[in-house]
Structures are given as C-alpha cells and as structure tokens.
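Novice: So that you have it, the file is target-v5.txt, and it contains compact mmCIF, C-alpha atoms:
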```txt
# COMPACT_ATOMS: atom_id res chain seq x y z
CA MET A 4 -33.91 -13.29 -1.85
CA SER A 5 -35.27 -10.04 -3.26
CA LYS A 6 -35.27 -9.30 -6.97
CA GLU A 7 -33.02 -6.31 -6.30
CA LEU A 8 -30.28 -8.48 -4.82
CA GLU A 9 -30.61 -10.95 -7.70
CA ILE A 10 -29.93 -8.08 -10.10
CA TYR A 11 -26.62 -7.34 -8.37
CA GLN A 12 -25.68 -11.01 -8.53
CA GLU A 13 -26.41 -10.96 -12.27
CA TYR A 14 -24.16 -7.93 -12.64
CA GLY A 15 -21.39 -9.92 -10.98
CA LYS A 16 -21.92 -12.83 -13.35
CA LYS A 17 -21.77 -10.54 -16.37
CA ILE A 18 -18.49 -9.02 -15.21
CA GLU A 19 -17.04 -12.50 -14.75
CA GLU A 20 -18.39 -13.62 -18.14
CA TYR A 21 -17.11 -10.65 -20.14
CA LEU A 22 -13.84 -9.94 -18.30
CA ARG A 23 -12.77 -13.26 -16.75
CA PRO A 24 -11.01 -11.67 -13.74
CA SER A 25 -8.86 -14.02 -11.67
CA THR A 26 -10.62 -13.02 -8.42
CA TYR A 27 -14.23 -12.23 -7.55
CA PRO A 28 -15.54 -8.71 -8.19
CA ILE A 29 -16.33 -7.53 -4.67
CA ALA A 30 -19.18 -5.43 -3.31
CA ILE A 31 -18.91 -3.19 -0.27
CA LYS A 32 -21.70 -1.96 1.99
CA LEU A 33 -21.07 0.82 4.49
CA ILE A 34 -23.15 0.16 7.61
CA LYS A 35 -24.51 2.35 10.39
CA ASN A 36 -25.31 -0.41 12.87
CA GLU A 37 -24.42 -4.07 13.43
CA ALA A 38 -27.97 -5.19 12.64
CA GLU A 39 -27.07 -4.67 8.96
CA ILE A 40 -24.38 -7.37 9.08
CA PRO A 41 -25.58 -10.54 7.28
CA ILE A 42 -25.64 -13.74 9.30
CA ARG A 43 -22.59 -16.01 8.98
CA SER A 44 -20.35 -13.07 8.09
CA ARG A 45 -16.76 -13.55 9.19
CA ARG A 46 -15.35 -11.04 11.67
CA PRO A 47 -11.55 -10.71 11.90
CA LYS A 48 -11.48 -10.18 15.68
CA SER A 49 -14.01 -12.83 16.74
CA ASN A 50 -13.55 -15.45 14.00
CA LEU A 51 -9.87 -15.11 13.11
CA LYS A 52 -8.67 -13.76 16.47
CA LEU A 53 -6.89 -11.01 14.56
CA ARG A 54 -7.06 -7.30 13.91
CA THR A 55 -6.45 -6.78 10.22
CA TYR A 56 -5.88 -4.13 7.57
CA LEU A 57 -8.79 -3.40 5.26
CA CYS A 58 -6.83 -4.40 2.16
CA GLN A 59 -6.44 -7.85 3.75
CA ASN A 60 -10.22 -8.08 4.09
CA PHE A 61 -10.67 -7.12 0.43
CA LEU A 62 -8.35 -10.00 -0.47
CA MET A 63 -10.30 -12.44 1.72
CA ALA A 64 -13.53 -11.57 -0.08
CA ARG A 65 -12.13 -11.55 -3.62
CA SER A 66 -9.96 -14.67 -3.23
CA TYR A 67 -11.81 -16.86 -0.73
CA GLY A 68 -15.34 -15.75 -1.58
CA TRP A 69 -15.99 -14.82 2.06
CA THR A 70 -18.43 -12.28 3.40
CA VAL A 71 -16.33 -10.19 5.80
CA ALA A 72 -17.70 -7.61 8.24
CA VAL A 73 -15.29 -5.03 9.64
CA THR A 74 -15.84 -2.56 12.48
CA ALA A 75 -13.44 -0.53 14.61
CA GLU A 76 -12.57 -3.50 16.84
CA ASP A 77 -11.47 -5.53 13.79
CA CYS A 78 -9.30 -2.89 12.12
CA ALA A 79 -5.60 -2.29 12.85
CA CYS A 80 -4.88 0.10 9.94
CA PRO A 81 -4.24 3.68 11.17
CA MET A 82 -5.23 5.17 7.80
CA VAL A 83 -8.58 3.38 7.63
CA ARG A 84 -9.30 4.19 11.26
CA GLY A 85 -8.76 7.84 10.40
CA ILE A 86 -10.92 7.71 7.26
CA PHE A 87 -13.83 6.19 9.20
CA GLY A 88 -13.37 8.54 12.14
CA TRP A 89 -12.70 5.65 14.54
CA ASP A 90 -9.48 7.46 15.47
CA PRO A 91 -10.09 11.11 14.53
CA MET A 92 -7.22 12.70 12.60
CA THR A 93 -5.88 15.00 15.30
CA GLU A 94 -2.77 17.11 14.82
CA SER A 95 -0.83 14.48 16.74
CA GLY A 96 -2.19 11.71 14.50
CA LEU A 97 -1.37 13.63 11.33
CA ASN A 98 2.17 14.25 12.60
CA MET A 99 2.63 10.52 13.12
CA MET A 100 1.43 9.90 9.55
CA HIS A 101 3.88 12.45 8.18
CA GLN A 102 6.74 10.97 10.18
CA PHE A 103 6.10 7.73 8.35
CA PHE A 104 5.75 9.47 4.95
CA VAL A 105 8.86 11.67 5.12
CA GLY A 106 11.79 9.94 3.47
CA ARG A 107 9.46 7.30 2.02
CA TYR A 108 6.75 9.12 0.08
CA ALA A 109 7.86 12.72 0.56
CA LYS A 110 11.17 14.57 0.63
CA ASN A 111 10.22 16.62 3.66
CA LEU A 112 7.40 17.55 6.02
CA GLU A 113 6.17 20.41 3.84
CA ILE A 114 5.74 18.13 0.82
CA SER A 115 4.13 15.42 2.93
CA LYS A 116 1.50 17.84 4.24
CA THR A 117 0.24 18.50 0.70
CA PHE A 118 -1.31 15.01 0.78
CA GLU A 119 -3.70 15.84 3.64
CA LYS A 120 -6.29 17.55 1.42
CA HIS A 121 -6.54 14.39 -0.69
CA ILE A 122 -7.65 12.12 2.15
CA ASN A 123 -11.34 11.28 1.75
CA PHE A 124 -12.87 11.18 5.22
CA LEU A 125 -16.09 9.31 5.95
CA ASN A 126 -15.88 10.82 9.45
CA ASP A 127 -17.94 8.84 11.95
CA ASP A 128 -21.03 8.36 9.77
CA PHE A 129 -20.50 4.59 9.57
CA ILE A 130 -19.58 2.02 12.20
CA GLY A 131 -18.07 -0.31 9.61
CA LEU A 132 -18.53 -2.13 6.34
CA VAL A 133 -19.42 -5.51 4.87
CA ILE A 134 -17.40 -6.94 1.96
CA PHE A 135 -18.61 -9.82 -0.22
CA PRO A 136 -18.37 -11.25 -3.76
CA LEU A 137 -20.80 -9.44 -6.03
CA THR A 138 -22.15 -12.75 -7.34
CA ARG A 139 -23.16 -13.63 -3.76
CA THR A 140 -24.77 -10.32 -2.85
CA LYS A 141 -26.52 -10.51 0.50
CA ILE A 142 -27.05 -6.80 1.13
CA GLU A 143 -27.33 -3.91 -1.34
CA PRO A 144 -23.79 -2.57 -1.94
CA ASP A 145 -22.56 1.02 -2.04
CA VAL A 146 -19.36 0.39 -4.03
CA VAL A 147 -18.12 -2.40 -6.31
CA GLN A 148 -14.41 -3.07 -6.83
CA ILE A 149 -12.93 -5.14 -9.67
CA TYR A 150 -9.24 -6.11 -9.58
CA GLY A 151 -7.68 -7.06 -12.88
CA LEU A 152 -5.06 -6.75 -15.56
CA PRO A 153 -4.66 -3.44 -17.42
CA ALA A 154 -6.58 -4.74 -20.45
CA GLN A 155 -9.49 -5.86 -18.24
CA ILE A 156 -9.61 -2.49 -16.47
CA MET A 157 -9.42 -0.79 -19.87
CA ARG A 158 -12.63 -2.57 -20.83
CA LEU A 159 -14.37 -1.21 -17.73
CA ILE A 160 -13.28 2.34 -18.56
CA GLN A 161 -14.56 1.88 -22.12
CA SER A 162 -17.82 0.48 -20.78
CA TYR A 163 -18.41 3.44 -18.47
CA LEU A 164 -17.66 5.96 -21.22
CA TYR A 165 -19.83 4.12 -23.78
CA PHE A 166 -22.87 6.07 -22.57
CA GLN A 167 -21.15 8.73 -20.48
CA GLY A 168 -18.72 10.13 -23.06
CA GLU A 169 -15.76 12.42 -22.32
CA VAL A 170 -12.84 10.80 -20.45
CA LEU A 171 -12.37 9.21 -17.05
CA GLU A 172 -10.56 11.47 -14.61
CA PHE A 173 -8.90 10.02 -11.54
CA THR A 174 -6.23 10.78 -8.98
CA SER A 175 -3.43 8.63 -7.68
CA SER A 176 -0.79 8.93 -4.98
CA GLY A 177 0.56 5.39 -5.22
CA ARG A 178 -0.59 4.77 -1.63
CA GLN A 179 -3.77 4.33 0.42
CA ALA A 180 -5.38 3.23 -2.82
CA SER A 181 -8.08 0.62 -2.23
CA CYS A 182 -9.34 2.28 0.97
CA ASN A 183 -8.94 6.00 0.25
CA GLU A 184 -9.49 6.17 -3.52
CA GLY A 185 -11.21 2.86 -4.20
CA LEU A 186 -13.74 3.09 -1.37
CA ALA A 187 -14.02 6.49 0.31
CA LYS A 188 -13.49 8.69 -2.76
CA THR A 189 -15.71 6.52 -4.95
CA PHE A 190 -18.49 6.72 -2.37
CA LEU A 191 -18.17 10.44 -1.63
CA THR A 192 -17.85 11.62 -5.24
CA ASP A 193 -20.30 9.05 -6.65
CA GLN A 194 -17.90 8.58 -9.57
CA PRO A 195 -15.96 5.52 -10.81
CA GLN A 196 -12.24 5.51 -10.09
CA LEU A 197 -9.26 3.92 -11.80
CA VAL A 198 -7.13 2.86 -8.83
CA ILE A 199 -3.40 2.28 -9.08
CA LEU A 200 -2.83 -0.01 -6.14
CA GLY A 201 -0.23 1.09 -3.61
CA ASN A 202 2.35 -0.60 -1.43
CA GLY A 203 -0.16 -1.53 1.29
CA ASP A 204 -2.42 -3.23 -1.22
CA ARG A 205 0.53 -5.27 -2.46
CA VAL A 206 2.27 -5.98 0.87
CA TRP A 207 -0.82 -6.76 2.99
CA GLY A 208 -3.62 -6.92 0.43
CA GLY A 209 -1.87 -9.49 -1.76
CA ALA A 210 -2.30 -7.53 -5.01
CA GLU A 211 -0.03 -8.69 -7.81
CA ASP A 212 2.42 -6.38 -9.59
CA SER A 213 0.25 -6.65 -12.70
CA GLU A 214 -3.05 -5.70 -11.00
CA LEU A 215 -5.05 -2.49 -11.13
CA MET A 216 -8.47 -1.85 -9.66
CA PHE A 217 -11.62 -0.19 -10.93
CA SER A 218 -14.20 0.98 -8.40
CA ILE A 219 -17.81 1.77 -9.24
CA PRO A 220 -20.43 3.50 -7.06
CA LYS A 221 -23.84 1.85 -6.87
CA SER A 222 -25.45 4.57 -8.99
CA LYS A 223 -23.13 3.90 -11.96
CA LEU A 224 -23.03 0.09 -11.85
CA GLU A 225 -25.93 -0.52 -14.24
CA LEU A 226 -24.42 1.99 -16.69
CA VAL A 227 -21.09 0.14 -16.68
CA ILE A 228 -22.75 -3.26 -17.17
CA LYS A 229 -24.87 -2.03 -20.09
CA GLY A 230 -21.81 -0.41 -21.64
CA LEU A 231 -19.85 -3.64 -21.19
CA GLU A 232 -22.57 -5.63 -22.95
CA ALA A 233 -23.03 -3.11 -25.77
CA SER A 234 -19.34 -2.64 -26.50
CA HIS A 235 -18.81 -6.42 -26.39
CA LYS A 236 -21.57 -6.82 -28.94
CA GLY A 237 -19.86 -4.17 -31.04
CA GLY A 238 -16.65 -6.23 -31.11
CA ILE A 239 -14.57 -4.64 -28.33
CA ARG A 240 -13.84 -7.66 -26.17
CA TYR A 241 -11.66 -9.36 -23.62
CA PRO A 242 -9.50 -11.35 -24.13
CA ILE A 243 -8.33 -8.89 -26.77
CA PRO A 244 -8.64 -10.66 -30.16
CA LYS A 245 -5.28 -10.62 -31.91
CA TYR A 246 -5.05 -9.85 -35.61
CA MET A 247 -4.35 -13.13 -37.39
CA ASN A 248 -5.30 -12.42 -41.03
CA TYR A 249 -1.81 -12.52 -42.52
CA THR A 250 0.82 -14.96 -43.76
CA PRO A 251 4.00 -14.97 -41.64
CA ASP A 252 7.29 -14.86 -43.56
CA LEU A 253 9.12 -17.05 -41.07
CA LEU A 254 8.71 -20.20 -43.23
CA ALA A 255 10.15 -18.43 -46.25
CA GLY A 256 13.26 -17.59 -44.23
CA PHE A 257 13.66 -21.18 -43.16
CA THR A 258 13.49 -22.22 -46.82
CA ARG A 259 16.08 -19.69 -48.03
CA ARG A 260 18.72 -20.41 -45.41
CA PRO A 261 19.05 -24.18 -46.07
CA LYS A 262 19.47 -23.45 -49.81
CA LYS A 263 22.29 -21.00 -49.06
CA ARG A 264 23.97 -23.56 -46.81
CA ASP A 265 23.70 -26.21 -49.58
CA LYS A 266 25.41 -23.92 -52.07
CA LYS A 267 28.29 -23.26 -49.68
CA GLN A 268 28.83 -26.99 -49.26
```
Rewrite the coordinates I just gave you, this time as structure tokens.

Specialist:
Amino acid sequence: MSKELEIYQEYGKKIEEYLRPSTYPIAIKLIKNEAEIPIRSRRPKSNLKLRTYLCQNFLMARSYGWTVAVTAEDCACPMVRGIFGWDPMTESGLNMMHQFFVGRYAKNLEISKTFEKHINFLNDDFIGLVIFPLTRTKIEPDVVQIYGLPAQIMRLIQSYLYFQGEVLEFTSSGRQASCNEGLAKTFLTDQPQLVILGNGDRVWGGAEDSELMFSIPKSKLELVIKGLEASHKGGIRYPIPKYMNYTPDLLAGFTRRPKKRDKKQ
C-alpha cells in the first residue's frame, strides 16, 4: 500500500479516536472507468441482485465496513441518476420530480420549481463511485462523510474553522441530502458541508433521527484533522466534559425534610 493511502487511513483513525462515531467515517471516490474499482468491491446488481439507492450504499459502507462500487446499472434512485447524468434531467423528468414534490415538499408547482437551481449536477463526467470506510482506504477519495450526533458534528465544524476562521455556510432543503449536498455539492464547491439528512437518508439510508452528517472534500481533509487535533489539545473535546466542580444541594434537602417530618410527629 502506498504512503498516501496510509495517510488517509490514519485520518480515519484520528476521527474515530477523537469523535467516537457509531459508524465508520466513509470515503467516496468518483470514477471515470471501471478499471478504478478495487478488487473484491461489492456491486449491488451483481453481488446483491438488487438495484439500490445511493443512501443505502452509504449505510452499507459505514455500518458493515464494505467497499461498495456503484454505477448506473446498480442505481435505482431517480435523483442520483439525474445528478450523475445517467438519466439526463429532461423537461419530462423534471416534471415527474415536481409531481412528487408538490403537496409533499412544496405547496405548488411554482414553489417546487425554485428547487431546480439548487441541484448539483455532475453531468456525465463520472460512470460511478466507490464507497469505503476511511480507515480501509483502497483508492484516494474525493469526499469524506462523517455521520454523527450534533455534538460530534459541532467538533468537526470547530476543527475546520480552527485554521480557516469565519463561519461555516451551508444550504439545506431537508431532502436529497447525502447525495446532492453531501456528495455533489461538496465535490463541486470544494467546501465542507453541514448536511441535515433528509427523508430518503432516514427511510432508505437508515439514518437515525439524532444523526447529522459532515462532508469534507479531499483538499480540506488534512486541515480538518489538524484542527481536530489542535482544538482537542486545547481542551475542546468529545465527549463534552461536563462541569463537575460544585457541591450539589440535593443532600441538604434530604436532611431538612426528615427533620420537618419528625417535628410534625
């Protein structure tokens, strides 16, 4: 294994050490040909005899520790197929999307159409992607995703801003989160994203009610890791240390009440 891949694996170990997430931080590589797929990768269509949604594949990697390769033949999600250009977003396709949105995510067609400009298209530049635990990196990733509790995601935001400064800006629609915002937008903007997971991520991707996601482009990963280490050393840590340097008054109350009861008797 190359030194470069070992570095990514170390990054994964540091995230697990400092944040203790309940599932693996996952790495994602966008691929232009099938020769880039690592050997022994699982393919939904050929190995599982299924066509899946991408959020399902994220769950397989972060829960099972699998390396999962996904191309057009593996993917059943209309949104992801549109993002990757496997099914180009024609006027007919967009109308079908809006028919689903109206009454669910939008009051009417006009409001639903305002979402179109916020879809991050990868067009047909990539034939697919490979998803794997960061600690088991087999191919240099483009994006890293960490799922966690709000306090764990807070630590990642703090870590990014430790050297970067300012504030983290992000968008959210409460839908198409892990694929549109957590993958495509992160890759295209080359900026980390705080991702509020949507219904699809929770229905098909198995995300818990309590989970958020933080996505990091390859170019910012080292910055986040160094910020995580430095802020941890400075005392900003997870689990959040609770303030314990005080004497509770509960025992005093227990002492007073029996005395009052004795007097009444």

Novice: Can you tell me which residues surround segment 122-129 of chain A at a distance of at most 10 Å, considering all atoms listed in the file, apart from same-chain residues fewer than 4 positions away, and format the answer as a VMD selection string?

Specialist: chain A and resid 33 to 36 74 82 to 92 118 179 182 to 184 186 to 192

Novice: Emit the selected residues as a CSV table (one decimal), in the coordinates of the input, including C-alpha atoms.

Specialist:
```
chain,number,residue,atom,x,y,z
A,33,LEU,CA,-21.1,0.8,4.5
A,34,ILE,CA,-23.2,0.2,7.6
A,35,LYS,CA,-24.5,2.4,10.4
A,36,ASN,CA,-25.3,-0.4,12.9
A,74,THR,CA,-15.8,-2.6,12.5
A,82,MET,CA,-5.2,5.2,7.8
A,83,VAL,CA,-8.6,3.4,7.6
A,84,ARG,CA,-9.3,4.2,11.3
A,85,GLY,CA,-8.8,7.8,10.4
A,86,ILE,CA,-10.9,7.7,7.3
A,87,PHE,CA,-13.8,6.2,9.2
A,88,GLY,CA,-13.4,8.5,12.1
A,89,TRP,CA,-12.7,5.6,14.5
A,90,ASP,CA,-9.5,7.5,15.5
A,91,PRO,CA,-10.1,11.1,14.5
A,92,MET,CA,-7.2,12.7,12.6
A,118,PHE,CA,-1.3,15.0,0.8
A,179,GLN,CA,-3.8,4.3,0.4
A,182,CYS,CA,-9.3,2.3,1.0
A,183,ASN,CA,-8.9,6.0,0.2
A,184,GLU,CA,-9.5,6.2,-3.5
A,186,LEU,CA,-13.7,3.1,-1.4
A,187,ALA,CA,-14.0,6.5,0.3
A,188,LYS,CA,-13.5,8.7,-2.8
A,189,THR,CA,-15.7,6.5,-5.0
A,190,PHE,CA,-18.5,6.7,-2.4
A,191,LEU,CA,-18.2,10.4,-1.6
A,192,THR,CA,-17.8,11.6,-5.2
```

Novice: Figure out the distance between atom CA of Glu232 of chain A and atom CA of Ile18 of chain A, please, to one decimal in Å.

Specialist: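 Separation of atom CA of Ile18 of chain A and atom CA of Glu232 of chain A: 9.4 Å.
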
Novice: Hey, which of A:Gly203, A:Gly238, A:Gly131, A:Pro153 ends up closest to Glu76 of chain A? Count all atoms listed in the file.

Specialist: A:Gly131

Novice: Would you list the contacts of segment 46-48 of chain A as a VMD selection string, taking every protein, DNA or RNA residue within 12 Å and counting only C-alpha atoms, but skipping same-chain residues closer than 6 positions in sequence?

Specialist: chain A and resid 37 40 54 to 57 59 to 60 63 to 64 69 to 79 131 to 134

Novice: Given only C-alpha atoms as the basis, pick out the residue of A:Lys120, A:Lys223, A:Arg240, A:Lys32 nearest to Asp145 of chain A.

Specialist: A:Lys32

Novice: Fewer than 2 positions away in the same chain doesn't count, so skip those; otherwise give me all residues within 10 Å of Tyr21 of chain A, counting all atoms listed in the file, as a list in words.

Specialist: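 Final neighbour list, sorted by chain and number: Lys16, Lys17, Ile18, Glu19, Arg23, Pro24, Gln155, Arg158, Ile228, Leu231, Glu232, His235, Arg240, Tyr241 and Pro242 of chain A.
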
Novice: Need to verify the contact set: Leu159 of chain A, 9 Å, only C-alpha atoms, exclusion of same-chain residues closer than 4 positions in sequence. Can you return it as an MDAnalysis selection string?

Specialist: chainID A and resid 22 154:155 163:164 217 227:228 230:231

Novice: Which of these residues is nearest to Glu9 of chain A, using only C-alpha atoms: A:Thr140, A:Asn98, A:Ser49, A:Ser66?

Specialist: A:Thr140

Novice: Compute the distance from (-29.5, -9.9, -9.5) to each atom, counting all atoms listed in the file, keep the residues with any atom at most 10 Å away, and return them as a PyMOL selection string; use the coordinates of the file.

Specialist: chain A and resi 4-16+137-140

Novice: Report, in Å with one decimal, the straight-line distance from atom CA of Ala180 of chain A to atom CA of Ile199 of chain A.

Specialist: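 These atoms are spaced 6.6 Å apart.
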
Novice: Quick one: pull the distance between atom CA of Lys141 of chain A and atom CA of Pro41 of chain A, Å, one decimal.

Specialist: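 Spanning atom CA of Lys141 of chain A to atom CA of Pro41 of chain A is a straight-line distance of 6.8 Å.
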
Novice: Leaving out Pro195 of chain A and any residue of its chain fewer than 3 positions from it, which residues lie within 7 Å of it when counting all atoms listed in the file, given as number ranges by chain?

Specialist: A: 189, 218-220
